[in-house]
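Report on one structure; see the data block that follows.
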Amino acid sequence: MNDGAIIAPVLAPLEVDNSWTPKAAGDFDGDQHTDVFWQNTDGRTSIWLMNGRSIRSSGSPRAVTAGWQVQVAADVDADGKTDLLWRNGTSSGLWVMDGLSIRLDVPLPPLYSMWHMVGALQGAINPVH
């Protein structure tokens, strides 16, 4: 994009309607290319594994129930791959990612509604493999 104008057709060959929103960008497969995480209004999720402006691969890790939203995308376990922190009211969870797959789905302790999740958690935890 250049001041809001699309320079190259990044979304092709996949079509995206208004029910899909890009929620996070990060390197989900550890290949040093920024990938895109999408969420649909119906809870479906999708990741586009990118190679520059080309979609190398895509898939859906898992659908989530209403109210769950990605709060932070960061490499939490320091494996070189972006992970996702989720929240639904006071409930929260972590998806430790490996490309298009969820390697580990971790429920996290409840959060007070006044608390907010914020960025940079590089290597903050190291889940048991």
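We name chains A, B, ... following the order of the structure tokens; residues begin at 1 in each chain, and ligands are numbered from 1 as shown.
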
Tell me, as an NGL selection string, which residues lie within 12 Å of A:Phe28, counting only C-alpha atoms; anything in the same chain fewer than 3 positions away does not count.
-> :A and (24-25 or 31-37 or 46-50 or 57-59 or 61 or 73-76 or 79-84 or 95-103)

What lies within 7 Å of A:Leu85 using only C-alpha atoms, ignoring chain neighbours under 5 positions off, as an MDAnalysis selection string?
-> chainID A and resid 70:73 93:95

Can you work out which one of A:Arg44, A:Asp77, A:Gln39, A:Thr21 has the shortest atom-to-atom distance to A:Arg62, counting only C-alpha atoms?
-> A:Arg44

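Taking stretch 43-77 of chain A and asking which residues DSSP calls strand (DSSP E or B) on the backbone, you get Thr45, Ser46, Ile47, Trp48, Leu49, Met50, Asn51, Ser54, Ile55, Arg56, Ser57, Ser58, Gly59, Gln69, Val70, Gln71, Val72, Ala73 and Ala74 of chain A.
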
For A:Trp20: contacts at 7 Å, only C-alpha atoms, fewer than 3 positions along chain excluded, given as a ChimeraX atom specification = /A:16-17,38-41

Measure the distance from atom CA of A:Gly67 to atom CA of A:Gly89 in Å and round it to one decimal.
-> 7.6 Å

Nearest to A:Ser19, restricted to only C-alpha atoms and choosing among A:Leu108, A:Gly43, A:Thr65, A:Trp86, comes out as A:Gly43

When you draw a straight line from atom CA of A:Ala63 to atom CA of A:Asp42, how long is it in Å?
->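 About the pair atom CA of A:Ala63 and atom CA of A:Asp42: they are 8.3 Å apart.
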